[in-house]
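Trainee: Contents of model28.cif (mmCIF, C-alpha atoms) are below:
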```cif
data_target
loop_
_atom_site.label_atom_id
_atom_site.label_comp_id
_atom_site.auth_asym_id
_atom_site.auth_seq_id
_atom_site.Cartn_x
_atom_site.Cartn_y
_atom_site.Cartn_z
CA MET X 17 0.00 0.00 0.00
CA SER X 18 1.35 3.40 -0.94
CA GLN X 19 1.19 6.60 1.02
CA HIS X 20 -2.38 7.74 0.58
CA ALA X 21 -1.78 11.47 0.90
CA ARG X 22 -5.06 12.58 -0.59
CA THR X 23 -7.19 10.77 1.96
CA LEU X 24 -5.82 12.63 4.95
CA SER X 25 -8.26 15.35 3.94
CA ARG X 26 -10.73 13.41 1.81
CA ARG X 27 -13.47 13.84 4.42
CA ASP X 28 -12.30 17.15 5.77
CA VAL X 29 -14.79 19.67 4.45
CA LEU X 30 -18.50 19.13 4.09
CA ARG X 31 -19.16 20.50 0.67
CA ALA X 32 -21.44 23.54 0.70
CA ALA X 33 -25.12 22.70 0.54
CA ALA X 34 -25.47 25.30 -2.19
CA ALA X 35 -23.09 23.39 -4.44
CA ALA X 36 -24.96 20.16 -3.88
CA ALA X 37 -28.30 21.82 -4.41
CA ALA X 38 -27.05 23.39 -7.62
CA ALA X 39 -26.66 19.96 -9.15
CA GLY X 40 -30.43 19.62 -8.97
CA THR X 41 -31.05 22.71 -11.07
CA LEU X 42 -28.69 21.88 -13.91
CA GLY X 43 -30.13 21.68 -17.37
CA ALA X 44 -29.66 18.86 -19.80
CA CYS X 45 -27.01 20.79 -21.67
CA GLY X 46 -23.66 19.30 -22.61
CA LYS X 47 -22.00 17.44 -25.43
CA ASN X 48 -24.65 15.60 -27.41
CA ASP X 49 -22.50 13.75 -29.95
CA ASP X 50 -24.19 10.34 -29.90
CA GLU X 51 -21.54 8.96 -32.21
CA GLY X 52 -18.77 10.01 -29.81
CA ALA X 53 -15.95 8.50 -31.85
CA GLY X 54 -13.25 10.31 -33.79
CA PRO X 55 -12.47 9.78 -37.50
CA ASP X 56 -10.30 6.81 -36.54
CA GLY X 57 -13.17 5.17 -34.63
CA VAL X 58 -11.54 5.79 -31.24
CA VAL X 59 -13.78 7.06 -28.43
CA THR X 60 -11.99 9.46 -26.07
CA VAL X 61 -13.02 9.29 -22.40
CA ASP X 62 -12.26 12.38 -20.32
CA LEU X 63 -11.48 11.26 -16.75
CA TRP X 64 -11.33 13.70 -13.81
CA HIS X 65 -9.77 11.69 -11.01
CA GLY X 66 -8.39 14.27 -8.58
CA GLN X 67 -5.62 11.96 -7.39
CA VAL X 68 -2.24 13.28 -6.28
CA ASP X 69 1.20 11.82 -5.59
CA THR X 70 1.17 8.02 -5.48
CA GLY X 71 -2.55 7.87 -6.14
CA LYS X 72 -2.02 9.76 -9.39
CA ALA X 73 0.87 7.49 -10.34
CA ALA X 74 -1.33 4.45 -9.75
CA ILE X 75 -4.25 5.69 -11.85
CA ASP X 76 -1.94 6.91 -14.61
CA ALA X 77 -0.38 3.44 -14.87
CA LEU X 78 -3.81 1.80 -15.04
CA ILE X 79 -5.01 4.25 -17.70
CA LYS X 80 -1.96 3.41 -19.82
CA GLU X 81 -2.65 -0.31 -19.42
CA PHE X 82 -6.34 0.12 -20.32
CA ASN X 83 -5.58 2.17 -23.41
CA THR X 84 -3.11 -0.45 -24.61
CA SER X 85 -5.59 -3.29 -24.20
CA HIS X 86 -8.59 -1.31 -25.56
CA PRO X 87 -7.41 0.27 -28.85
CA LYS X 88 -10.85 1.71 -29.67
CA ILE X 89 -11.02 3.67 -26.38
CA LYS X 90 -8.62 6.35 -25.21
CA VAL X 91 -8.94 7.42 -21.57
CA VAL X 92 -7.41 10.83 -20.90
CA GLY X 93 -6.79 11.33 -17.19
CA GLY X 94 -6.36 15.05 -16.94
CA GLY X 95 -8.03 15.04 -13.54
CA GLY X 96 -9.95 18.27 -14.10
CA GLY X 97 -7.19 20.29 -12.49
CA VAL X 98 -8.48 19.80 -8.93
CA THR X 99 -8.03 17.36 -6.07
CA ALA X 100 -10.72 14.88 -5.07
CA ASP X 101 -11.77 17.18 -2.23
CA SER X 102 -12.81 19.86 -4.73
CA MET X 103 -14.26 17.56 -7.37
CA LEU X 104 -17.94 18.13 -6.55
CA GLN X 105 -17.66 21.88 -7.06
CA LYS X 106 -15.65 21.41 -10.26
CA VAL X 107 -18.11 18.91 -11.74
CA THR X 108 -21.15 20.94 -10.65
CA ALA X 109 -19.74 24.02 -12.37
CA GLY X 110 -18.99 21.94 -15.46
CA LEU X 111 -22.53 20.60 -15.60
CA ALA X 112 -23.94 24.10 -15.34
CA ALA X 113 -21.66 25.29 -18.15
CA GLY X 114 -22.35 22.28 -20.37
CA SER X 115 -18.74 21.09 -20.28
CA PHE X 116 -18.23 18.10 -18.02
CA PRO X 117 -16.15 14.91 -17.93
CA ASP X 118 -17.14 11.43 -18.99
CA VAL X 119 -16.05 10.00 -15.63
CA ALA X 120 -15.27 11.72 -12.32
CA TYR X 121 -14.09 10.63 -8.88
CA ILE X 122 -17.01 11.53 -6.59
CA PHE X 123 -17.29 10.96 -2.84
CA GLY X 124 -20.08 8.55 -1.97
CA SER X 125 -21.74 11.08 0.34
CA ASP X 126 -22.09 13.47 -2.64
CA LEU X 127 -23.50 11.00 -5.15
CA ALA X 128 -27.21 11.34 -4.33
CA SER X 129 -27.16 15.12 -4.66
CA LEU X 130 -25.31 14.88 -7.94
CA THR X 131 -27.85 12.43 -9.42
CA LYS X 132 -30.38 15.25 -9.49
CA SER X 133 -28.65 16.15 -12.74
CA PRO X 134 -30.05 14.27 -15.76
CA LYS X 135 -26.48 14.02 -17.05
CA VAL X 136 -25.43 11.41 -14.46
CA ALA X 137 -25.61 8.08 -16.26
CA ASP X 138 -27.72 5.20 -14.96
CA LEU X 139 -25.47 2.11 -14.76
CA THR X 140 -28.18 -0.30 -13.63
CA GLY X 141 -27.57 -3.63 -15.34
CA ALA X 142 -24.18 -2.56 -16.69
CA LEU X 143 -22.04 -3.60 -13.70
CA LYS X 144 -21.50 -6.85 -11.82
CA ILE X 145 -22.95 -5.19 -8.74
CA ASP X 146 -23.38 -8.42 -6.75
CA ASP X 147 -19.61 -9.02 -6.88
CA TYR X 148 -18.98 -5.95 -4.72
CA TRP X 149 -18.78 -5.89 -0.94
CA PRO X 150 -22.23 -4.90 0.44
CA ALA X 151 -20.88 -1.52 1.57
CA ALA X 152 -19.65 -0.72 -1.94
CA LYS X 153 -22.90 -1.91 -3.49
CA ASP X 154 -24.99 0.26 -1.16
CA ALA X 155 -22.81 3.32 -1.70
CA VAL X 156 -23.40 3.39 -5.48
CA SER X 157 -27.14 2.69 -5.29
CA VAL X 158 -29.57 5.62 -5.23
CA LYS X 159 -33.32 4.98 -5.07
CA GLY X 160 -32.81 1.39 -6.15
CA LYS X 161 -30.70 2.22 -9.20
CA VAL X 162 -26.95 1.87 -9.75
CA ARG X 163 -25.68 5.40 -10.34
CA ALA X 164 -21.90 4.88 -10.17
CA ALA X 165 -19.16 2.29 -9.80
CA PRO X 166 -17.11 1.87 -6.61
CA ALA X 167 -13.74 3.62 -6.79
CA LEU X 168 -12.31 3.27 -3.29
CA LEU X 169 -13.35 1.21 -0.29
CA ASP X 170 -12.36 1.64 3.34
CA SER X 171 -13.52 0.89 6.87
CA LEU X 172 -13.11 2.52 10.27
CA CYS X 173 -11.16 0.74 13.01
CA VAL X 174 -9.06 1.78 16.02
CA VAL X 175 -5.29 2.07 15.65
CA TYR X 176 -3.35 2.13 18.91
CA ASN X 177 0.18 2.90 20.06
CA LYS X 178 1.73 -0.24 21.54
CA LYS X 179 4.43 1.66 23.46
CA LEU X 180 1.93 3.90 25.24
CA PHE X 181 -0.12 0.88 26.28
CA ALA X 182 3.00 -0.79 27.65
CA ALA X 183 4.07 2.41 29.46
CA ALA X 184 0.64 2.61 31.13
CA GLY X 185 0.74 -1.06 32.06
CA LEU X 186 -2.41 -1.78 30.05
CA PRO X 187 -3.30 -4.88 28.05
CA GLU X 188 -3.79 -4.18 24.36
CA PRO X 189 -7.44 -3.95 23.24
CA LYS X 190 -9.15 -6.90 21.60
CA ALA X 191 -12.14 -7.44 19.33
CA GLY X 192 -15.40 -7.42 21.27
CA TRP X 193 -14.46 -4.57 23.58
CA THR X 194 -17.05 -1.98 24.58
CA TRP X 195 -17.29 1.79 24.61
CA ASP X 196 -17.03 1.62 28.42
CA ASP X 197 -13.72 -0.19 27.91
CA PHE X 198 -12.66 2.50 25.44
CA VAL X 199 -13.50 5.34 27.83
CA SER X 200 -11.72 3.78 30.81
CA THR X 201 -8.70 2.85 28.68
CA SER X 202 -8.48 6.39 27.33
CA GLN X 203 -8.48 7.76 30.85
CA LYS X 204 -5.68 5.41 31.93
CA LEU X 205 -3.59 6.26 28.86
CA THR X 206 -3.86 10.00 29.46
CA ASN X 207 -0.77 11.59 31.00
CA PRO X 208 -1.03 15.41 31.20
CA ALA X 209 2.54 15.72 32.46
CA LYS X 210 3.81 14.20 29.22
CA GLY X 211 1.14 15.74 26.99
CA VAL X 212 -0.36 12.34 26.22
CA PHE X 213 -4.05 11.98 25.35
CA GLY X 214 -6.04 8.76 25.42
CA THR X 215 -7.74 9.43 22.10
CA GLY X 216 -8.93 12.19 19.77
CA TRP X 217 -11.87 13.38 17.69
CA PRO X 218 -12.25 16.02 14.94
CA GLY X 219 -13.96 19.05 16.48
CA VAL X 220 -14.99 21.42 13.70
CA GLY X 221 -18.35 19.81 12.96
CA ASP X 222 -17.59 18.70 9.40
CA GLU X 223 -18.26 15.31 7.84
CA ASP X 224 -15.05 13.96 9.38
CA THR X 225 -16.58 14.79 12.77
CA VAL X 226 -19.86 13.12 11.89
CA TRP X 227 -19.10 9.88 10.07
CA ARG X 228 -17.37 8.42 13.14
CA ILE X 229 -20.57 8.69 15.19
CA TRP X 230 -22.75 6.57 12.89
CA PRO X 231 -21.39 3.16 14.01
CA MET X 232 -22.32 4.15 17.57
CA ILE X 233 -25.82 5.17 16.42
CA TRP X 234 -26.29 1.95 14.43
CA ASP X 235 -25.05 -0.22 17.28
CA LEU X 236 -27.62 1.36 19.60
CA GLY X 237 -30.42 0.48 17.20
CA GLY X 238 -30.70 3.91 15.60
CA ASP X 239 -30.10 5.09 12.05
CA VAL X 240 -29.44 8.22 10.03
CA VAL X 241 -33.08 8.46 8.98
CA SER X 242 -36.23 6.49 9.76
CA GLU X 243 -37.35 3.68 7.48
CA ASP X 244 -39.91 5.91 5.75
CA GLY X 245 -37.32 8.69 5.37
CA LYS X 246 -39.58 11.31 6.95
CA LYS X 247 -37.58 11.89 10.13
CA VAL X 248 -34.20 11.15 11.66
CA GLY X 249 -33.47 7.77 13.14
CA PHE X 250 -31.17 8.86 15.97
CA ASP X 251 -33.58 10.81 18.17
CA GLN X 252 -33.77 8.03 20.79
CA VAL X 253 -30.11 7.02 20.88
CA GLY X 254 -28.14 10.11 19.90
CA GLU X 255 -27.87 11.36 23.47
CA LYS X 256 -26.13 8.15 24.58
CA ALA X 257 -23.65 8.25 21.69
CA LEU X 258 -22.78 11.90 22.30
CA GLY X 259 -22.73 11.15 26.02
CA THR X 260 -19.79 8.82 25.40
CA LEU X 261 -17.88 11.69 23.80
CA ASP X 262 -18.84 13.92 26.70
CA ARG X 263 -17.39 11.39 29.17
CA LEU X 264 -14.11 11.44 27.25
CA ARG X 265 -14.15 15.24 27.31
CA THR X 266 -14.86 15.53 31.03
CA ASP X 267 -12.15 12.93 31.74
CA LYS X 268 -9.74 15.23 29.86
CA SER X 269 -8.60 12.20 27.88
CA LEU X 270 -9.82 13.52 24.53
CA TYR X 271 -7.81 15.65 22.11
CA VAL X 272 -10.25 17.74 20.07
CA ASP X 273 -8.76 18.79 16.73
CA PRO X 274 -9.72 22.44 16.16
CA LYS X 275 -8.91 22.52 12.44
CA PRO X 276 -10.52 20.93 9.35
CA GLY X 277 -8.87 17.87 7.88
CA SER X 278 -7.94 16.09 11.15
CA GLU X 279 -4.28 16.45 10.27
CA GLN X 280 -3.38 17.84 13.71
CA LEU X 281 -5.14 14.88 15.33
CA TYR X 282 -3.11 12.43 13.28
CA GLN X 283 0.10 14.36 13.90
CA VAL X 284 -0.45 14.08 17.65
CA PHE X 285 -0.90 10.33 17.21
CA LEU X 286 2.13 10.00 14.92
CA GLY X 287 4.15 12.00 17.44
CA GLY X 288 3.53 9.37 20.12
CA ARG X 289 1.23 11.55 22.22
CA MET X 290 -2.08 9.76 21.66
CA GLY X 291 -2.92 6.23 22.67
CA MET X 292 -5.75 5.41 20.27
CA VAL X 293 -7.36 6.90 17.17
CA ALA X 294 -10.24 5.80 14.96
CA THR X 295 -9.02 5.86 11.38
CA GLY X 296 -8.94 3.98 8.09
CA PRO X 297 -6.42 1.90 6.15
CA TRP X 298 -5.11 5.02 4.41
CA GLN X 299 -3.25 5.88 7.63
CA LEU X 300 -1.14 2.69 7.73
CA PRO X 301 1.60 3.72 5.26
CA GLU X 302 2.36 6.86 7.26
CA LEU X 303 2.48 4.88 10.50
CA ILE X 304 4.92 2.46 8.92
CA ASP X 305 7.02 5.26 7.43
CA ASN X 306 7.26 6.86 10.88
CA GLY X 307 8.31 3.59 12.52
CA LEU X 308 5.40 3.68 14.99
CA GLU X 309 4.74 0.41 16.80
CA TYR X 310 1.00 0.08 16.35
CA GLY X 311 -1.83 -2.40 16.47
CA VAL X 312 -5.28 -2.38 14.87
CA VAL X 313 -8.50 -3.51 16.51
CA PRO X 314 -12.17 -3.27 15.47
CA LEU X 315 -14.24 -0.38 16.80
CA PRO X 316 -15.68 -0.87 20.29
CA SER X 317 -19.44 -1.23 20.59
CA TYR X 318 -22.20 -1.00 23.16
CA SER X 319 -23.62 -4.43 22.34
CA GLY X 320 -20.42 -6.43 21.94
CA LYS X 321 -21.34 -7.12 18.32
CA PRO X 322 -19.03 -5.83 15.58
CA VAL X 323 -20.19 -2.77 13.65
CA THR X 324 -18.34 -0.15 11.64
CA ILE X 325 -18.74 2.30 8.79
CA SER X 326 -17.33 2.35 5.30
CA GLY X 327 -17.12 5.54 3.25
CA PRO X 328 -16.73 4.36 -0.35
CA ASP X 329 -15.89 6.79 -3.13
CA THR X 330 -17.20 6.36 -6.67
CA TRP X 331 -16.44 6.54 -10.36
CA THR X 332 -19.45 8.47 -11.62
CA VAL X 333 -20.20 8.33 -15.36
CA PHE X 334 -21.75 11.31 -17.17
CA ASP X 335 -23.78 11.30 -20.36
CA ASN X 336 -21.86 12.90 -23.21
CA GLY X 337 -23.47 10.66 -25.78
CA LYS X 338 -24.12 6.93 -26.10
CA ALA X 339 -20.67 5.96 -27.38
CA LYS X 340 -18.91 7.86 -24.60
CA VAL X 341 -21.16 6.38 -21.91
CA GLN X 342 -20.45 2.87 -23.21
CA ALA X 343 -16.71 3.50 -23.32
CA ALA X 344 -16.65 5.10 -19.87
CA THR X 345 -18.68 2.22 -18.45
CA GLU X 346 -16.24 -0.25 -19.98
CA PHE X 347 -13.41 1.55 -18.19
CA VAL X 348 -15.02 1.57 -14.72
CA LYS X 349 -16.01 -2.10 -15.11
CA TRP X 350 -12.42 -2.95 -16.04
CA MET X 351 -11.11 -1.05 -13.00
CA ALA X 352 -13.19 -3.25 -10.66
CA GLU X 353 -11.89 -6.54 -12.10
CA PRO X 354 -9.51 -8.28 -9.66
CA ALA X 355 -6.44 -7.92 -11.92
CA GLN X 356 -6.81 -4.11 -11.91
CA ASP X 357 -8.46 -3.75 -8.51
CA ILE X 358 -5.42 -5.34 -6.84
CA GLN X 359 -3.11 -2.77 -8.43
CA TRP X 360 -5.29 0.15 -7.38
CA ASP X 361 -5.71 -1.27 -3.86
CA MET X 362 -2.00 -1.74 -3.28
CA GLU X 363 -0.81 1.46 -4.95
CA GLY X 364 -3.81 3.77 -4.52
CA GLY X 365 -4.72 2.88 -0.93
CA SER X 366 -8.09 1.13 -1.23
CA LEU X 367 -9.38 -2.06 0.30
CA PRO X 368 -10.46 -4.68 -2.26
CA ILE X 369 -13.68 -3.71 -4.06
CA THR X 370 -14.66 -7.39 -4.32
CA LYS X 371 -14.10 -10.49 -2.23
CA ALA X 372 -12.51 -12.08 -5.29
CA THR X 373 -9.71 -9.52 -5.11
CA ALA X 374 -9.25 -10.19 -1.41
CA GLU X 375 -8.67 -13.86 -2.24
CA LEU X 376 -5.85 -13.16 -4.69
CA PRO X 377 -2.41 -14.40 -3.57
CA GLN X 378 -0.94 -10.92 -4.19
CA TRP X 379 -3.44 -9.32 -1.81
CA LYS X 380 -2.97 -12.00 0.86
CA LYS X 381 0.80 -11.47 0.70
CA HIS X 382 0.37 -7.69 0.85
CA SER X 383 -2.06 -8.01 3.77
CA THR X 384 0.30 -10.31 5.66
CA GLU X 385 3.16 -7.85 5.19
CA THR X 386 1.08 -4.83 6.30
CA ASN X 387 0.34 -4.95 10.01
CA GLY X 388 -3.37 -4.56 10.76
CA LEU X 389 -4.61 -4.43 7.16
CA ASP X 390 -6.53 -7.68 7.58
CA VAL X 391 -8.52 -6.11 10.45
CA PHE X 392 -9.80 -3.39 8.12
CA VAL X 393 -10.77 -5.97 5.48
CA LYS X 394 -12.58 -8.19 7.99
CA ALA X 395 -14.48 -5.14 9.24
CA LEU X 396 -16.12 -4.89 5.80
CA ASP X 397 -18.27 -7.88 6.78
CA THR X 398 -20.19 -5.66 9.21
CA ALA X 399 -19.67 -2.26 7.62
CA LYS X 400 -22.61 -0.04 6.79
CA VAL X 401 -22.67 3.14 4.72
CA ARG X 402 -24.37 6.48 5.03
CA PRO X 403 -27.67 6.56 3.13
CA THR X 404 -27.49 7.79 -0.45
CA ILE X 405 -30.11 10.50 -0.01
CA THR X 406 -30.00 14.13 -1.13
CA ALA X 407 -30.71 15.39 2.40
CA TYR X 408 -27.60 13.78 3.88
CA PRO X 409 -25.24 16.80 3.59
CA GLN X 410 -27.69 18.95 5.58
CA ILE X 411 -28.24 16.22 8.19
CA SER X 412 -24.49 15.92 8.57
CA GLN X 413 -24.13 19.67 8.95
CA HIS X 414 -26.68 19.88 11.78
CA LEU X 415 -25.41 16.79 13.61
CA GLY X 416 -21.84 17.99 13.15
CA GLN X 417 -22.68 21.24 14.91
CA ALA X 418 -24.23 19.24 17.76
CA ILE X 419 -21.17 17.01 18.15
CA ALA X 420 -18.84 20.01 18.09
CA ALA X 421 -20.93 21.74 20.77
CA VAL X 422 -20.58 18.70 23.03
CA LEU X 423 -16.86 18.28 22.33
CA LEU X 424 -16.28 21.92 23.27
CA GLY X 425 -18.49 21.74 26.37
CA LYS X 426 -20.95 24.28 25.01
CA GLN X 427 -24.05 22.06 25.15
CA SER X 428 -25.12 18.93 26.98
CA PRO X 429 -25.54 15.80 24.84
CA GLY X 430 -29.30 15.90 25.35
CA ASP X 431 -29.73 19.55 24.35
CA ALA X 432 -27.37 19.23 21.40
CA VAL X 433 -29.13 16.16 20.01
CA LYS X 434 -32.58 17.66 20.49
CA GLN X 435 -31.60 20.74 18.52
CA ALA X 436 -30.06 18.66 15.74
CA VAL X 437 -33.10 16.38 15.56
CA ASP X 438 -35.44 19.36 15.20
CA GLN X 439 -33.27 20.92 12.48
CA CYS X 440 -32.87 17.65 10.56
CA ASN X 441 -36.57 16.82 10.73
CA GLN X 442 -37.32 20.20 9.16
CA VAL X 443 -34.96 19.30 6.32
CA LEU X 444 -36.59 15.89 5.84
CA ALA X 445 -40.07 17.44 5.86
CA VAL X 446 -39.28 19.06 2.50
CA PRO X 447 -39.77 16.56 -0.38
CA SER X 448 -36.55 15.91 -2.29
#
```
Rewrite the coordinates I just gave you, this time as structure tokens.
Mentor:
Amino acid sequence: MSQHARTLSRRDVLRAAAAAAAAGTLGACGKNDDEGAGPDGVVTVDLWHGQVDTGKAAIDALIKEFNTSHPKIKVVGGGGGVTADSMLQKVTAGLAAGSFPDVAYIFGSDLASLTKSPKVADLTGALKIDDYWPAAKDAVSVKGKVRAAPALLDSLCVVYNKKLFAAAGLPEPKAGWTWDDFVSTSQKLTNPAKGVFGTGWPGVGDEDTVWRIWPMIWDLGGDVVSEDGKKVGFDQVGEKALGTLDRLRTDKSLYVDPKPGSEQLYQVFLGGRMGMVATGPWQLPELIDNGLEYGVVPLPSYSGKPVTISGPDTWTVFDNGKAKVQAATEFVKWMAEPAQDIQWDMEGGSLPITKATAELPQWKKHSTETNGLDVFVKALDTAKVRPTITAYPQISQHLGQAIAAVLLGKQSPGDAVKQAVDQCNQVLAVPS
């Protein structure tokens, strides 16, 4: 696995609701060349991938391989001139102007809002959707239709510093532990004299703040929204989940990162001053590069049953004519095949998109050589995803403000959740 620099901030800023809403007002303008092929019969596919550093090197190598093996298709990976974090705004502006890519790298949490545009292709029936991990399958499905292909798959687990556990005389955590265990362990790891915190949490109220709370909500029997989609599903359990964060805060064992991107939080952990942090597989290369002695364990739970979250990203195809849609679909299908998926996973920082990839000898060798990687893969068995609904960005915004208020001691868990529930229910009351 390569250093996954782009993902340190891939969940850092909740894209503005205005940008997401704008996707719903876009006209059906754009390139309407249904032939789509040049004089030589080659269809050019414009790919905006937003990858940087090793991620860019990985996708560039795969594009070259695809173009060699598919002489009638030429994928051009210009990337749109922006990083993945800014892709939604770039694509939304392109749709409004009638000049947009054939494929773009879109965060899963943005997909539903983007599908308001008639220019997002419907891939239902075009992909081997049942080959994907359930989390990947759910992340690309909107209102029962397949609206994208999985591009990157991850899961959330706890990474811990072995030396700090040893220094505190504590046994290392094991699968099946509880949030009570997590809280008490954090308190015992905390050492103010040495500037050591038990754990940390992003504190600005963005999506990085929010997505970590959903496994706690799900484990308590709640959900993001109710089954009928008319109200939130965390009104009964949100106070307990936020109460756990409040216990960590009052114990002074919690480092609250005051800046977007969570980079300070991870730097504190990398610097040996934090015992545990919830993170994804993208963090492992940096831990290895820094020589940190670490272990990986599944998230704690209230019930003792395993539960986590996955935040898949997508390859979203846009309609620039029938020939281009077919060629772009061929490319994203090819990317998900085990022979290519394994390259992207190892070089681009993803977990396997399919179980078939996870069974490849190359992946098993890579997993064996990368401490803790197998824990992230196993967590996919119980991973859920955020719902692919257009209201999600606003729900996240309101809940994020509530979490931040609790982390900063400005509101009690009960008051913060009540306010968020009222705000979110108002959002859900408006038909989407």
Trainee: Let me make sure I understand: among X:Asp118, X:Asp126, X:Asp262, X:Asp239, which one has the smallest atom-to-atom distance to Gly425 of chain X if we use all atoms listed in the file?
Mentor: X:Asp262
Trainee: Using the chain letters and numbers from the file, which residues does the PyMOL selection byres ((chain X and resi 321-337) around 6) grab, as a ChimeraX atom specification?
Mentor: /X:47-50,118-124,135-137,164-172,231,319-320,338-341,398-401
Trainee: Tell me which protein, DNA and RNA residues are within 12 Å of Trp227 of chain X, counting only C-alpha atoms, leaving out same-chain ones fewer than 4 positions away, and put them as a short mmCIF file (atom, residue, chain, number, x, y, z; two decimals) with C-alpha atoms, keeping the file's coordinate frame.
Mentor:
```cif
data_model
loop_
_atom_site.label_atom_id
_atom_site.label_comp_id
_atom_site.auth_asym_id
_atom_site.auth_seq_id
_atom_site.Cartn_x
_atom_site.Cartn_y
_atom_site.Cartn_z
CA ARG X 27 -13.47 13.84 4.42
CA ASP X 28 -12.30 17.15 5.77
CA LEU X 30 -18.50 19.13 4.09
CA SER X 125 -21.74 11.08 0.34
CA SER X 171 -13.52 0.89 6.87
CA LEU X 172 -13.11 2.52 10.27
CA TRP X 217 -11.87 13.38 17.69
CA PRO X 218 -12.25 16.02 14.94
CA GLY X 221 -18.35 19.81 12.96
CA ASP X 222 -17.59 18.70 9.40
CA GLU X 223 -18.26 15.31 7.84
CA PRO X 231 -21.39 3.16 14.01
CA MET X 232 -22.32 4.15 17.57
CA ILE X 233 -25.82 5.17 16.42
CA TRP X 234 -26.29 1.95 14.43
CA VAL X 240 -29.44 8.22 10.03
CA ALA X 294 -10.24 5.80 14.96
CA THR X 295 -9.02 5.86 11.38
CA GLY X 296 -8.94 3.98 8.09
CA THR X 324 -18.34 -0.15 11.64
CA ILE X 325 -18.74 2.30 8.79
CA SER X 326 -17.33 2.35 5.30
CA GLY X 327 -17.12 5.54 3.25
CA LYS X 400 -22.61 -0.04 6.79
CA VAL X 401 -22.67 3.14 4.72
CA ARG X 402 -24.37 6.48 5.03
CA PRO X 403 -27.67 6.56 3.13
CA TYR X 408 -27.60 13.78 3.88
CA PRO X 409 -25.24 16.80 3.59
CA ILE X 411 -28.24 16.22 8.19
CA SER X 412 -24.49 15.92 8.57
CA GLN X 413 -24.13 19.67 8.95
CA LEU X 415 -25.41 16.79 13.61
CA GLY X 416 -21.84 17.99 13.15
CA ILE X 419 -21.17 17.01 18.15
#
```
Trainee: Name all residues at most 12 Å from Pro208 of chain X (count only C-alpha atoms; drop same-chain ones fewer than 6 positions away) and give them as a list in words.
Mentor: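 Those residues are Gly214, Asp267, Lys268, Ser269, Leu270, Tyr271, Arg289 and Met290 of chain X.
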Trainee: What does the structure give for the distance between atom CA of Val391 of chain X and atom CA of Gly192 of chain X, in Å to one decimal?
Mentor: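 Taking atom CA of Val391 of chain X and atom CA of Gly192 of chain X, their separation equals 12.9 Å.
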Trainee: I'd like the neighbourhood of segment 78-80 of chain X as a PyMOL selection string, where a residue qualifies if any of its atoms comes within 8 Å (using only C-alpha atoms), though same-chain residues fewer than 3 positions away should be ignored.
Mentor: chain X and resi 74-75+83-84+91-93+356+360
Trainee: Could you please take those selected residues and save C-alpha atoms as a short mmCIF file (atom, residue, chain, number, x, y, z; two decimals), in the coordinates of the input?
Mentor:
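Final output, out31.cif:
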```
data_model
loop_
_atom_site.label_atom_id
_atom_site.label_comp_id
_atom_site.auth_asym_id
_atom_site.auth_seq_id
_atom_site.Cartn_x
_atom_site.Cartn_y
_atom_site.Cartn_z
CA ALA X 74 -1.33 4.45 -9.75
CA ILE X 75 -4.25 5.69 -11.85
CA ASN X 83 -5.58 2.17 -23.41
CA THR X 84 -3.11 -0.45 -24.61
CA VAL X 91 -8.94 7.42 -21.57
CA VAL X 92 -7.41 10.83 -20.90
CA GLY X 93 -6.79 11.33 -17.19
CA GLN X 356 -6.81 -4.11 -11.91
CA TRP X 360 -5.29 0.15 -7.38
#
```
Trainee: Just the residues within 9 Å of Asn306 of chain X, please, counting all atoms listed in the file, with nothing from its chain fewer than 5 positions along; format it as a list in words.
Mentor: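 Near neighbours after the sequence-gap exclusion: Leu286, Gly287 and Pro301 of chain X.
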Trainee: Can you measure atom CA of Val348 of chain X to atom CA of Pro368 of chain X for me? One decimal in Å is fine.
Mentor: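 Taking atom CA of Val348 of chain X as the start and atom CA of Pro368 of chain X as the end point, the length is 14.7 Å.
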Trainee: Within 8 Å of Thr99 of chain X, counting all atoms listed in the file, which residues show up once you throw out same-chain ones fewer than 6 positions away? Write them as a list in words, please.
Mentor: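 The residues satisfying every condition are Arg22, His65, Gly66, Gln67 and Val68 of chain X.
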Trainee: Using all atoms listed in the file, list the residues that have an atom at most 12 Å from (-16.2, 5.6, -34.6), coordinates as in the file, as a PyMOL selection string.
Mentor: chain X and resi 49-60+87-89+338-340+343
Trainee: My list of candidates is X:Gly114, X:Asp69, X:Val422, X:Thr201. Which is closest to Gly254 of chain X when distances are computed with only C-alpha atoms?
Mentor: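 Ranked by minimum distance to Gly254 of chain X, first place goes to X:Val422.
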Trainee: Point out the residue among X:Lys178, X:Glu353, X:Lys204, X:Leu444 with the least atom-to-atom distance to Gly307 of chain X, counting all atoms listed in the file.
Mentor: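 The closest residue to Gly307 of chain X is X:Lys178.
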Trainee: Please evaluate the PyMOL selection byres ((chain X and resi 250-252) around 12) against the displayed coordinates and give the resulting residues as a PyMOL selection string.
Mentor: chain X and resi 229-243+247-249+253-258+411+415+429-441
Trainee: Of the residues X:Gly185, X:Pro316, X:Gly216, X:Pro297, which is the one nearest to Gln283 of chain X, using all atoms listed in the file?
Mentor: X:Gly216
Trainee: Could you put an axis-aligned box around every listed atom of segment 234-245 of chain X, padded by 8 Å on each side, and send me its centre and edge lengths in Å to one decimal, as AutoDock Vina command-line options?
Mentor:
```
--center_x -32.5 --center_y 4.2 --center_z 12.5 --size_x 30.9 --size_y 24.9 --size_z 30.2
```
